[in-house]
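Quick look at work_8.pdb (PDB, C-alpha atoms):
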ATOM      1  CA  MET N 239     -40.181  37.347 -91.913
ATOM      2  CA  ASN N 240     -43.221  35.703 -93.488
ATOM      3  CA  VAL N 241     -45.735  33.769 -91.460
ATOM      4  CA  GLN N 242     -44.652  30.364 -92.753
ATOM      5  CA  ARG N 243     -40.982  30.919 -91.844
ATOM      6  CA  ARG N 244     -41.888  32.276 -88.403
ATOM      7  CA  ASN N 245     -43.941  29.201 -87.660
ATOM      8  CA  ARG N 246     -40.999  26.953 -88.567
ATOM      9  CA  VAL N 247     -38.658  28.853 -86.146
ATOM     10  CA  VAL N 248     -41.179  28.667 -83.311
ATOM     11  CA  ALA N 249     -41.664  24.946 -83.913
ATOM     12  CA  SER N 250     -37.870  24.397 -83.865
ATOM     13  CA  LEU N 251     -37.437  26.287 -80.583
ATOM     14  CA  GLY N 252     -40.318  24.380 -79.010
ATOM     15  CA  ALA N 253     -38.776  21.046 -79.963
ATOM     16  CA  ALA N 254     -35.439  22.058 -78.448
ATOM     17  CA  PHE N 255     -37.134  23.147 -75.215
ATOM     18  CA  LEU N 256     -38.975  19.822 -74.930
ATOM     19  CA  ALA N 257     -35.702  17.952 -75.508
ATOM     20  CA  VAL N 258     -34.083  19.815 -72.612
ATOM     21  CA  LEU N 259     -36.990  19.002 -70.326
ATOM     22  CA  ALA N 260     -36.804  15.327 -71.279
ATOM     23  CA  ALA N 261     -33.109  15.209 -70.495
ATOM     24  CA  GLY N 262     -33.703  16.433 -66.938
ATOM     25  CA  PRO N 263     -32.055  19.305 -65.103
ATOM     26  CA  VAL N 264     -28.490  20.302 -65.837
ATOM     27  CA  VAL N 265     -26.194  19.389 -62.913
ATOM     28  CA  ARG N 266     -23.062  21.412 -62.516
ATOM     29  CA  ALA N 267     -20.091  19.664 -60.839
ATOM     30  CA  GLN N 268     -18.940  21.393 -57.674
ATOM     31  CA  THR N 269     -15.548  21.076 -55.998
ATOM     32  CA  ALA N 270     -15.761  20.498 -52.238
ATOM     33  CA  PRO N 271     -13.791  23.007 -50.162
ATOM     34  CA  PRO N 272     -10.548  21.585 -48.745
ATOM     35  CA  LEU N 273     -10.758  20.221 -45.213
ATOM     36  CA  PRO N 274      -8.814  22.171 -42.622
ATOM     37  CA  ALA N 275      -5.530  20.600 -41.529
ATOM     38  CA  GLN N 276      -5.953  18.511 -38.404
ATOM     39  CA  PRO N 277      -3.196  17.999 -35.826
ATOM     40  CA  ALA N 278      -2.111  14.384 -35.313
ATOM     41  CA  THR N 279      -2.923  14.505 -31.600
ATOM     42  CA  ALA N 280      -3.199  17.167 -28.957
ATOM     43  CA  ARG N 281      -0.263  18.256 -26.868
ATOM     44  CA  GLU N 282      -0.422  16.924 -23.306
ATOM     45  CA  THR N 283       1.496  16.897 -20.044
ATOM     46  CA  LEU N 284       2.097  13.810 -17.909
ATOM     47  CA  SER N 285       3.410  13.537 -14.350
ATOM     48  CA  PHE N 286       6.084  11.047 -13.350
ATOM     49  CA  VAL N 287       5.552   8.773 -10.369
ATOM     50  CA  GLY N 288       8.099   6.919  -8.277
ATOM     51  CA  HIS N 289       9.221   3.637  -9.789
ATOM     52  CA  GLY N 290       8.312   1.690  -6.650
ATOM     53  CA  ALA N 291       4.730   2.945  -6.756
ATOM     54  CA  PHE N 292       4.572   2.384 -10.519
ATOM     55  CA  PHE N 293       5.960  -1.162 -10.292
ATOM     56  CA  SER N 294       3.738  -2.128  -7.350
ATOM     57  CA  GLN N 295       0.611  -0.791  -9.040
ATOM     58  CA  GLU N 296       1.371  -2.527 -12.336
ATOM     59  CA  THR N 297       2.053  -5.843 -10.580
ATOM     60  CA  LYS N 298      -0.662  -5.380  -7.904
ATOM     61  CA  ARG N 299       1.928  -5.922  -5.178
ATOM     62  CA  SER N 300       1.265  -5.220  -1.496
ATOM     63  CA  PRO N 301       3.080  -3.978   0.465
ATOM     64  CA  ALA N 302       4.540  -1.710  -2.214
ATOM     65  CA  ILE N 303       8.278  -2.120  -2.840
ATOM     66  CA  ASP N 304      10.990  -0.749  -5.059
ATOM     67  CA  PRO N 305      12.778  -3.838  -6.393
ATOM     68  CA  GLN N 306      15.833  -1.915  -7.645
ATOM     69  CA  VAL N 307      17.082  -0.348  -4.393
ATOM     70  CA  PHE N 308      17.753  -2.166  -1.136
ATOM     71  CA  VAL N 309      17.915  -1.725   2.634
ATOM     72  CA  LYS N 310      19.922  -3.608   5.237
ATOM     73  CA  ASP N 311      18.197  -6.680   6.686
ATOM     74  CA  GLU N 312      20.461  -9.206   8.393
ATOM     75  CA  SER N 313      17.719 -11.846   8.221
ATOM     76  CA  SER N 314      17.556 -11.669   4.422
ATOM     77  CA  ALA N 315      19.297 -14.522   2.621
ATOM     78  CA  GLU N 316      21.039 -14.265  -0.717
ATOM     79  CA  GLY N 317      18.490 -14.731  -3.473
ATOM     80  CA  THR N 318      16.641 -13.438  -6.494
ATOM     81  CA  GLY N 319      13.987 -10.812  -5.997
ATOM     82  CA  PRO N 320      11.343  -9.262  -8.263
ATOM     83  CA  GLN N 321      12.399  -8.365 -11.811
ATOM     84  CA  SER N 322      14.895 -11.266 -11.557
ATOM     85  CA  ILE N 323      17.395  -9.111  -9.655
ATOM     86  CA  GLU N 324      19.888 -11.186  -7.695
ATOM     87  CA  HIS N 325      20.865  -9.667  -4.349
ATOM     88  CA  ALA N 326      23.447 -10.424  -1.705
ATOM     89  CA  ALA N 327      22.675 -11.737   1.764
ATOM     90  CA  GLY N 328      21.852  -9.038   4.307
ATOM     91  CA  VAL N 329      19.867  -6.758   1.994
ATOM     92  CA  ARG N 330      16.311  -6.849   0.678
ATOM     93  CA  PRO N 331      14.238  -4.674  -1.702
ATOM     94  CA  ALA N 332      13.109  -1.464  -0.020
ATOM     95  CA  ARG N 333       9.465  -1.181   0.991
ATOM     96  CA  LEU N 334       7.858   2.184   0.427
ATOM     97  CA  ASP N 335       6.696   2.184   4.060
ATOM     98  CA  ASP N 336      10.197   1.552   5.444
ATOM     99  CA  SER N 337      11.665   4.228   7.677
ATOM    100  CA  PRO N 338      12.542   7.193   5.410
ATOM    101  CA  GLU N 339      15.918   7.624   7.174
ATOM    102  CA  LEU N 340      17.174   4.231   6.018
ATOM    103  CA  VAL N 341      20.261   4.360   3.791
ATOM    104  CA  LEU N 342      19.813   2.596   0.460
ATOM    105  CA  TYR N 343      22.126  -0.009  -1.067
ATOM    106  CA  ASN N 344      22.508  -1.732  -4.396
ATOM    107  CA  ALA N 345      21.938  -5.440  -4.933
ATOM    108  CA  ASN N 346      25.562  -6.215  -4.031
ATOM    109  CA  GLY N 347      25.227  -4.522  -0.652
ATOM    110  CA  ASP N 348      27.156  -1.362  -1.604
ATOM    111  CA  ALA N 349      25.809   1.869  -0.087
ATOM    112  CA  LEU N 350      24.289   4.258  -2.637
ATOM    113  CA  GLY N 351      24.914   7.340  -0.504
ATOM    114  CA  PHE N 352      21.343   8.539  -0.009
ATOM    115  CA  THR N 353      18.261   7.669   2.009
ATOM    116  CA  LEU N 354      14.904   6.221   1.070
ATOM    117  CA  GLU N 355      13.335   9.641   1.714
ATOM    118  CA  LYS N 356      15.690  11.270  -0.775
ATOM    119  CA  TRP N 357      15.029   8.558  -3.344
ATOM    120  CA  LEU N 358      11.257   8.777  -3.064
ATOM    121  CA  GLY N 359      11.200  12.587  -3.056
ATOM    122  CA  ALA N 360      11.946  13.010  -6.783
ATOM    123  CA  THR N 361       9.236  14.460  -9.038
ATOM    124  CA  GLY N 362       8.918  15.323 -12.707
ATOM    125  CA  THR N 363       6.671  16.162 -15.641
ATOM    126  CA  VAL N 364       6.901  15.593 -19.378
ATOM    127  CA  ASP N 365       5.290  17.659 -22.129
ATOM    128  CA  LEU N 366       4.441  15.554 -25.196
ATOM    129  CA  ASP N 367       4.324  17.531 -28.440
ATOM    130  CA  PRO N 368       3.397  15.397 -31.512
ATOM    131  CA  GLN N 369       5.417  16.237 -34.617
ATOM    132  CA  ALA N 370       4.423  16.196 -38.294
ATOM    133  CA  ASN N 371       6.923  13.393 -39.023
ATOM    134  CA  GLY N 372       5.090  11.005 -36.692
ATOM    135  CA  GLY N 373       7.468  11.395 -33.771
ATOM    136  CA  THR N 374       7.050  13.218 -30.474
ATOM    137  CA  ARG N 375       9.050  16.043 -28.937
ATOM    138  CA  LEU N 376       9.445  15.533 -25.192
ATOM    139  CA  THR N 377      10.295  18.292 -22.732
ATOM    140  CA  MET N 378      11.045  16.757 -19.331
ATOM    141  CA  SER N 379      11.502  18.707 -16.099
ATOM    142  CA  PHE N 380      12.683  17.081 -12.871
ATOM    143  CA  LYS N 381      13.080  18.194  -9.264
ATOM    144  CA  LYS N 382      14.743  16.666  -6.186
ATOM    145  CA  LEU N 383      16.802  14.121  -8.084
ATOM    146  CA  ILE N 384      20.081  12.884  -6.601
ATOM    147  CA  ALA N 385      22.526  15.802  -6.731
ATOM    148  CA  PHE N 386      24.974  15.511  -9.638
ATOM    149  CA  GLY N 387      23.409  12.172 -10.534
ATOM    150  CA  VAL N 388      24.046  10.718 -13.973
ATOM    151  CA  TYR N 389      20.682   9.843 -15.496
ATOM    152  CA  SER N 390      19.279   8.457 -18.724
ATOM    153  CA  VAL N 391      15.737   8.236 -20.099
ATOM    154  CA  PHE N 392      14.441   5.068 -21.729
ATOM    155  CA  ARG N 393      11.261   4.029 -23.485
ATOM    156  CA  ALA N 394       9.640   0.888 -22.089
ATOM    157  CA  THR N 395       7.305  -1.158 -24.270
ATOM    158  CA  PHE N 396       5.001  -3.626 -22.531
ATOM    159  CA  SER N 397       3.754  -6.753 -24.309
ATOM    160  CA  PRO N 398       2.557 -10.267 -23.384
ATOM    161  CA  ASP N 399       6.086 -11.471 -24.168
ATOM    162  CA  GLY N 400       7.721  -9.114 -21.671
ATOM    163  CA  THR N 401       9.022  -5.567 -21.480
ATOM    164  CA  THR N 402      11.665  -4.122 -23.787
ATOM    165  CA  PHE N 403      13.717  -0.965 -23.243
ATOM    166  CA  VAL N 404      15.333   1.367 -25.768
ATOM    167  CA  PRO N 405      16.825   4.853 -25.327
ATOM    168  CA  ILE N 406      14.072   7.458 -25.617
ATOM    169  CA  ASP N 407      15.921   9.077 -28.560
ATOM    170  CA  GLY N 408      16.458   5.727 -30.290
ATOM    171  CA  ASP N 409      20.266   5.711 -30.394
ATOM    172  CA  GLY N 410      21.334   6.770 -26.907
ATOM    173  CA  THR N 411      23.143   9.942 -27.968
ATOM    174  CA  THR N 412      20.883  12.587 -26.404
ATOM    175  CA  ASN N 413      19.078  10.718 -23.606
ATOM    176  CA  THR N 414      21.652  11.204 -20.826
ATOM    177  CA  PHE N 415      22.125  14.155 -18.458
ATOM    178  CA  THR N 416      23.573  15.121 -15.082
ATOM    179  CA  SER N 417      21.336  16.728 -12.475
ATOM    180  CA  ALA N 418      22.203  20.020 -10.775
ATOM    181  CA  VAL N 419      23.311  20.430  -7.159
ATOM    182  CA  ASP N 420      19.665  20.950  -6.121
ATOM    183  CA  GLY N 421      18.546  17.858  -8.053
ATOM    184  CA  SER N 422      16.842  19.788 -10.840
ATOM    185  CA  ALA N 423      17.193  18.948 -14.527
ATOM    186  CA  THR N 424      15.554  19.580 -17.881
ATOM    187  CA  LEU N 425      15.866  17.381 -20.950
ATOM    188  CA  VAL N 426      14.429  18.007 -24.415
ATOM    189  CA  VAL N 427      14.539  15.066 -26.810
ATOM    190  CA  SER N 428      12.579  13.711 -29.777
ATOM    191  CA  THR N 429      11.374  10.232 -30.645
ATOM    192  CA  SER N 430      11.181   8.943 -34.204
ATOM    193  CA  SER N 431       7.807   7.255 -33.677
ATOM    194  CA  ARG N 432       4.620   7.972 -31.773
ATOM    195  CA  LEU N 433       4.414   6.998 -28.098
ATOM    196  CA  MET N 434       1.416   4.799 -27.233
ATOM    197  CA  HIS N 435      -0.335   3.316 -24.189
ATOM    198  CA  ALA N 436       1.951   0.289 -24.411
ATOM    199  CA  ASN N 437       4.865   2.632 -23.596
ATOM    200  CA  ALA N 438       6.224   4.215 -20.449
ATOM    201  CA  ILE N 439       8.952   6.833 -20.098
ATOM    202  CA  VAL N 440      11.492   5.685 -17.507
ATOM    203  CA  LEU N 441      14.131   7.763 -15.712
ATOM    204  CA  ILE N 442      17.189   5.732 -14.678
ATOM    205  CA  LEU N 443      19.890   6.686 -12.181
ATOM    206  CA  HIS N 444      23.346   5.293 -12.934
ATOM    207  CA  SER N 445      24.860   4.877  -9.489
ATOM    208  CA  ASP N 446      28.319   4.274 -10.971
ATOM    209  CA  SER N 447      28.139   7.811 -12.453
ATOM    210  CA  GLN N 448      28.810   6.390 -15.929
ATOM    211  CA  GLU N 449      26.889   6.734 -19.171
ATOM    212  CA  HIS N 450      25.693   3.390 -20.570
ATOM    213  CA  GLY N 451      24.661   4.374 -24.099
ATOM    214  CA  VAL N 452      22.033   2.108 -25.613
ATOM    215  CA  THR N 453      21.913  -0.166 -22.545
ATOM    216  CA  ARG N 454      20.444   0.574 -19.131
ATOM    217  CA  GLY N 455      23.351  -0.967 -17.243
ATOM    218  CA  LEU N 456      23.057  -3.659 -14.552
ATOM    219  CA  ILE N 457      19.620  -3.194 -13.054
ATOM    220  CA  GLY N 458      19.751  -3.026  -9.259
ATOM    221  CA  VAL N 459      23.553  -2.817  -9.309
ATOM    222  CA  ASN N 460      24.549   0.332 -11.213
ATOM    223  CA  ALA N 461      21.203   1.245 -12.800
ATOM    224  CA  HIS N 462      18.019   2.000 -10.880
ATOM    225  CA  HIS N 463      14.658   3.162 -12.233
ATOM    226  CA  GLN N 464      13.653   6.199 -10.178
ATOM    227  CA  LEU N 465      10.617   7.668 -12.007
ATOM    228  CA  ALA N 466       8.170   6.460 -14.648
ATOM    229  CA  ALA N 467       5.260   7.899 -16.644
ATOM    230  CA  ARG N 468       2.818   5.565 -18.426
ATOM    231  CA  LEU N 469       1.264   6.840 -21.660
ATOM    232  CA  PRO N 470      -2.536   7.184 -21.439
TER     233      PRO N 470
END
Write-out of the structure in C-alpha coordinates:
Amino acid sequence: MNVQRRNRVVASLGAAFLAVLAAGPVVRAQTAPPLPAQPATARETLSFVGHGAFFSQETKRSPAIDPQVFVKDESSAEGTGPQSIEHAAGVRPARLDDSPELVLYNANGDALGFTLEKWLGATGTVDLDPQANGGTRLTMSFKKLIAFGVYSVFRATFSPDGTTFVPIDGDGTTNTFTSAVDGSATLVVSTSSRLMHANAIVLILHSDSQEHGVTRGLIGVNAHHQLAARLP
(Lines of atoms letter the chains of each structure in order from A and count residues from 1; the text may use other names and numbers.)
(Lines give C-alpha, C1' and ligand atoms only; values in the text may rest on other atoms or scores of the structure.)
Protein backbone atom coordinates (compact mmCIF):
# COMPACT_ATOMS: atom_id res chain seq x y z
CA MET A 1 0.00 0.00 0.00
CA ASN A 2 1.48 3.35 -1.01
CA VAL A 3 1.76 6.23 1.39
CA GLN A 4 -1.02 8.27 -0.21
CA ARG A 5 -3.55 5.42 -0.01
CA ARG A 6 -2.59 4.62 3.59
CA ASN A 7 -3.17 8.21 4.61
CA ARG A 8 -6.66 8.14 3.06
CA VAL A 9 -7.59 4.96 5.05
CA VAL A 10 -6.32 6.43 8.31
CA ALA A 11 -8.25 9.64 7.68
CA SER A 12 -11.44 7.64 6.97
CA LEU A 13 -11.11 5.59 10.18
CA GLY A 14 -10.46 8.73 12.21
CA ALA A 15 -13.59 10.39 10.86
CA ALA A 16 -15.69 7.34 11.73
CA PHE A 17 -14.27 7.27 15.27
CA LEU A 18 -15.09 10.96 15.78
CA ALA A 19 -18.64 10.36 14.51
CA VAL A 20 -19.14 7.62 17.11
CA LEU A 21 -17.89 9.87 19.88
CA ALA A 22 -20.23 12.65 18.78
CA ALA A 23 -23.20 10.31 18.83
CA GLY A 24 -22.57 9.41 22.47
CA PRO A 25 -22.27 5.98 24.06
CA VAL A 26 -24.16 3.02 22.68
CA VAL A 27 -26.96 1.97 25.07
CA ARG A 28 -28.06 -1.61 24.92
CA ALA A 29 -31.69 -2.34 25.93
CA GLN A 30 -31.98 -4.70 28.87
CA THR A 31 -35.00 -6.79 29.84
CA ALA A 32 -35.86 -6.58 33.55
CA PRO A 33 -36.07 -9.95 35.29
CA PRO A 34 -39.64 -11.07 36.00
CA LEU A 35 -40.97 -10.24 39.45
CA PRO A 36 -41.61 -13.23 41.69
CA ALA A 37 -45.25 -14.23 42.06
CA GLN A 38 -46.82 -12.67 45.13
CA PRO A 39 -49.65 -14.28 47.11
CA ALA A 40 -52.87 -12.26 47.27
CA THR A 41 -52.82 -12.20 51.07
CA ALA A 42 -51.36 -14.32 53.81
CA ARG A 43 -53.20 -17.23 55.33
CA GLU A 44 -54.55 -16.46 58.80
CA THR A 45 -56.56 -17.98 61.63
CA LEU A 46 -59.36 -16.21 63.49
CA SER A 47 -61.12 -17.19 66.72
CA PHE A 48 -64.89 -17.09 67.09
CA VAL A 49 -66.47 -15.31 70.03
CA GLY A 50 -69.92 -15.72 71.52
CA HIS A 51 -72.61 -13.78 69.71
CA GLY A 52 -73.73 -12.02 72.89
CA ALA A 53 -70.23 -10.68 73.53
CA PHE A 54 -69.83 -9.78 69.85
CA PHE A 55 -73.18 -7.98 69.67
CA SER A 56 -72.65 -6.11 72.95
CA GLN A 57 -69.17 -4.98 71.95
CA GLU A 58 -70.29 -3.81 68.51
CA THR A 59 -73.23 -1.88 69.98
CA LYS A 60 -71.37 -0.77 73.15
CA ARG A 61 -74.12 -2.27 75.30
CA SER A 62 -73.80 -2.75 79.06
CA PRO A 63 -74.69 -5.05 80.68
CA ALA A 64 -73.86 -7.45 77.85
CA ILE A 65 -76.81 -9.46 76.49
CA ASP A 66 -77.57 -12.01 73.84
CA PRO A 67 -80.66 -10.66 72.07
CA GLN A 68 -81.49 -13.96 70.32
CA VAL A 69 -81.97 -16.27 73.33
CA PHE A 70 -84.19 -15.63 76.32
CA VAL A 71 -84.68 -16.44 80.00
CA LYS A 72 -87.83 -16.53 82.10
CA ASP A 73 -88.77 -13.23 83.74
CA GLU A 74 -92.38 -12.91 84.88
CA SER A 75 -92.00 -9.12 85.15
CA SER A 76 -91.12 -8.78 81.47
CA ALA A 77 -93.94 -7.53 79.26
CA GLU A 78 -94.51 -8.51 75.66
CA GLY A 79 -92.43 -6.26 73.44
CA THR A 80 -89.70 -5.78 70.88
CA GLY A 81 -86.12 -6.14 71.98
CA PRO A 82 -82.76 -5.42 70.32
CA GLN A 83 -82.36 -6.43 66.67
CA SER A 84 -86.14 -5.83 66.33
CA ILE A 85 -86.94 -9.25 67.79
CA GLU A 86 -90.47 -9.45 69.15
CA HIS A 87 -90.79 -11.56 72.30
CA ALA A 88 -93.66 -12.89 74.36
CA ALA A 89 -94.52 -11.73 77.87
CA GLY A 90 -92.61 -13.52 80.62
CA VAL A 91 -89.26 -13.77 78.82
CA ARG A 92 -86.44 -11.31 78.21
CA PRO A 93 -83.09 -11.41 76.36
CA ALA A 94 -80.47 -13.31 78.34
CA ARG A 95 -77.74 -11.31 80.05
CA LEU A 96 -74.28 -12.80 79.93
CA ASP A 97 -74.04 -12.41 83.72
CA ASP A 98 -77.29 -14.30 84.37
CA SER A 99 -77.05 -17.50 86.37
CA PRO A 100 -75.40 -20.10 84.09
CA GLU A 101 -77.95 -22.75 85.18
CA LEU A 102 -80.87 -20.85 83.68
CA VAL A 103 -82.71 -22.70 80.90
CA LEU A 104 -82.94 -20.74 77.66
CA TYR A 105 -86.08 -20.07 75.62
CA ASN A 106 -86.90 -18.67 72.22
CA ALA A 107 -88.77 -15.42 71.67
CA ASN A 108 -92.13 -17.22 71.82
CA GLY A 109 -91.37 -18.64 75.26
CA ASP A 110 -90.61 -22.19 74.07
CA ALA A 111 -87.78 -23.95 75.93
CA LEU A 112 -84.68 -24.55 73.81
CA GLY A 113 -83.52 -27.52 75.90
CA PHE A 114 -80.17 -26.21 77.12
CA THR A 115 -78.78 -23.78 79.66
CA LEU A 116 -77.05 -20.44 79.34
CA GLU A 117 -73.79 -22.11 80.40
CA LYS A 118 -74.07 -24.62 77.56
CA TRP A 119 -74.88 -21.87 75.07
CA LEU A 120 -71.97 -19.66 76.09
CA GLY A 121 -69.48 -22.54 76.24
CA ALA A 122 -69.13 -22.97 72.46
CA THR A 123 -65.78 -22.13 70.83
CA GLY A 124 -64.36 -22.23 67.32
CA THR A 125 -61.65 -21.15 64.91
CA VAL A 126 -61.54 -20.50 61.19
CA ASP A 127 -58.54 -20.78 58.88
CA LEU A 128 -58.74 -18.33 55.96
CA ASP A 129 -56.82 -19.45 52.87
CA PRO A 130 -56.98 -16.92 49.96
CA GLN A 131 -57.41 -18.55 46.56
CA ALA A 132 -56.07 -17.52 43.14
CA ASN A 133 -59.61 -16.90 41.84
CA GLY A 134 -60.18 -14.13 44.40
CA GLY A 135 -62.20 -16.24 46.81
CA THR A 136 -61.28 -17.69 50.19
CA ARG A 137 -61.22 -21.27 51.41
CA LEU A 138 -62.48 -21.50 54.99
CA THR A 139 -61.76 -24.39 57.34
CA MET A 140 -63.89 -24.03 60.47
CA SER A 141 -63.53 -26.13 63.62
CA PHE A 142 -66.01 -25.96 66.50
CA LYS A 143 -66.21 -27.41 69.99
CA LYS A 144 -68.96 -27.61 72.63
CA LEU A 145 -71.81 -26.79 70.28
CA ILE A 146 -75.31 -28.08 71.06
CA ALA A 147 -75.23 -31.85 70.56
CA PHE A 148 -76.74 -32.91 67.22
CA GLY A 149 -77.57 -29.27 66.53
CA VAL A 150 -78.39 -28.23 62.98
CA TYR A 151 -76.19 -25.26 62.11
CA SER A 152 -75.48 -22.99 59.17
CA VAL A 153 -72.75 -20.43 58.50
CA PHE A 154 -73.54 -17.02 57.04
CA ARG A 155 -71.54 -14.03 55.90
CA ALA A 156 -72.59 -10.73 57.47
CA THR A 157 -71.79 -7.47 55.71
CA PHE A 158 -71.96 -4.28 57.77
CA SER A 159 -72.74 -0.93 56.16
CA PRO A 160 -74.27 2.43 57.17
CA ASP A 161 -77.54 1.18 55.67
CA GLY A 162 -77.67 -1.91 57.89
CA THR A 163 -76.39 -5.47 57.95
CA THR A 164 -77.03 -8.03 55.23
CA PHE A 165 -76.62 -11.80 55.48
CA VAL A 166 -75.90 -14.37 52.77
CA PRO A 167 -74.84 -18.03 53.04
CA ILE A 168 -71.06 -18.23 53.38
CA ASP A 169 -70.89 -20.36 50.20
CA GLY A 170 -73.15 -17.97 48.28
CA ASP A 171 -75.99 -20.38 47.44
CA GLY A 172 -76.70 -22.21 50.69
CA THR A 173 -75.82 -25.68 49.41
CA THR A 174 -72.70 -26.42 51.48
CA ASN A 175 -73.04 -24.11 54.50
CA THR A 176 -75.12 -26.40 56.74
CA PHE A 177 -73.98 -29.19 59.08
CA THR A 178 -75.02 -31.18 62.14
CA SER A 179 -72.76 -31.24 65.19
CA ALA A 180 -71.58 -34.47 66.81
CA VAL A 181 -72.76 -35.85 70.15
CA ASP A 182 -69.88 -34.02 71.90
CA GLY A 183 -70.71 -30.76 70.11
CA SER A 184 -67.72 -30.87 67.78
CA ALA A 185 -67.89 -30.09 64.06
CA THR A 186 -65.69 -29.20 61.12
CA LEU A 187 -66.81 -27.42 57.97
CA VAL A 188 -64.74 -26.64 54.87
CA VAL A 189 -66.31 -24.23 52.40
CA SER A 190 -65.21 -21.66 49.82
CA THR A 191 -66.40 -18.14 49.08
CA SER A 192 -66.48 -16.68 45.58
CA SER A 193 -65.14 -13.30 46.69
CA ARG A 194 -62.63 -12.00 49.20
CA LEU A 195 -63.73 -11.48 52.81
CA MET A 196 -63.06 -7.98 54.16
CA HIS A 197 -63.23 -6.03 57.43
CA ALA A 198 -66.84 -5.15 56.66
CA ASN A 199 -67.65 -8.88 56.98
CA ALA A 200 -68.18 -11.26 59.86
CA ILE A 201 -68.59 -15.04 59.77
CA VAL A 202 -71.67 -16.03 61.77
CA LEU A 203 -72.60 -19.48 63.09
CA ILE A 204 -76.37 -19.98 63.44
CA LEU A 205 -78.20 -22.67 65.40
CA HIS A 206 -81.54 -23.73 63.94
CA SER A 207 -83.53 -24.72 67.01
CA ASP A 208 -86.24 -26.32 64.86
CA SER A 209 -83.58 -28.76 63.57
CA GLN A 210 -84.40 -27.76 59.98
CA GLU A 211 -82.19 -26.48 57.19
CA HIS A 212 -83.21 -23.03 55.93
CA GLY A 213 -81.20 -22.77 52.71
CA VAL A 214 -80.44 -19.22 51.65
CA THR A 215 -82.34 -17.71 54.60
CA ARG A 216 -81.36 -17.67 58.26
CA GLY A 217 -84.84 -18.53 59.49
CA LEU A 218 -86.81 -16.55 62.09
CA ILE A 219 -84.21 -14.86 64.24
CA GLY A 220 -84.85 -15.44 67.94
CA VAL A 221 -87.54 -18.02 67.16
CA ASN A 222 -85.93 -20.88 65.21
CA ALA A 223 -82.57 -19.29 64.34
CA HIS A 224 -80.04 -18.02 66.87
CA HIS A 225 -76.55 -16.64 66.24
CA GLN A 226 -74.20 -18.52 68.56
CA LEU A 227 -70.68 -17.53 67.41
CA ALA A 228 -69.18 -14.79 65.25
CA ALA A 229 -65.74 -13.84 63.91
CA ARG A 230 -65.12 -10.32 62.55
CA LEU A 231 -62.58 -9.99 59.73
CA PRO A 232 -59.57 -7.85 60.69
Evaluated on this file, the PyMOL selection byres ((chain N and resi 306) around 7) picks out some residues - which ones are they, written as a PDB file with C-alpha atoms, in the coordinates of the input?
ATOM      1  CA  ASP N 304      10.990  -0.749  -5.059  1.00  0.00           C
ATOM      2  CA  PRO N 305      12.778  -3.838  -6.393  1.00  0.00           C
ATOM      3  CA  VAL N 307      17.082  -0.348  -4.393  1.00  0.00           C
ATOM      4  CA  PHE N 308      17.753  -2.166  -1.136  1.00  0.00           C
ATOM      5  CA  PRO N 331      14.238  -4.674  -1.702  1.00  0.00           C
ATOM      6  CA  ILE N 457      19.620  -3.194 -13.054  1.00  0.00           C
ATOM      7  CA  GLY N 458      19.751  -3.026  -9.259  1.00  0.00           C
ATOM      8  CA  HIS N 462      18.019   2.000 -10.880  1.00  0.00           C
ATOM      9  CA  HIS N 463      14.658   3.162 -12.233  1.00  0.00           C
TER      10      HIS N 463
END
**Q.** Surrounding residues of N:Ala466 excluding itself and chain neighbours under 2 positions, 10 Å, all atoms listed in the file, as a ChimeraX atom specification
**A.** /N:285-293,361-363,391-394,438-442,463-464,468-469
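With distances taken over all atoms listed in the file, N:Ser430 is the one residue among N:Ser300, N:Ser430, N:Thr416, N:Ser337 lying closest to N:Ala370.
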Q. Restricting the calculation to all atoms listed in the file, which member of N:Val452, N:Thr411, N:Ala326, N:Glu296 is positioned closest to N:Phe396?
A. N:Glu296
Q: Go through N:Gly359, N:Pro470, N:Gly328, N:Gly372 and flag the residue nearest N:Asn344, using only C-alpha atoms for the distances.
A: N:Gly328
Q | Ground truth for the PyMOL selection byres ((chain N and resi 412) around 12), written as an MDAnalysis selection string | A | chainID N and resid 376 389:392 405:411 413:416 425:429 449:452
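Between atom CA of N:Leu342 and atom CA of N:Asn437 the interatomic distance comes to 28.3 Å.
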Q | Given all atoms listed in the file as the counted atoms, nearest of N:Asp311, N:Asp420, N:Asp335, N:Glu324 to N:Lys381 | A |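 Closest to N:Lys381, using all atoms listed in the file: N:Asp420.
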Q: To verify the selection step, state as a list in words which residues the PyMOL selection byres ((chain N and resi 356) around 9) yields on this input.
A: Pro338, Glu339, Phe352, Thr353, Leu354, Glu355, Trp357, Leu358, Gly359, Ala360, Lys382, Leu383 and Ile384 of chain N
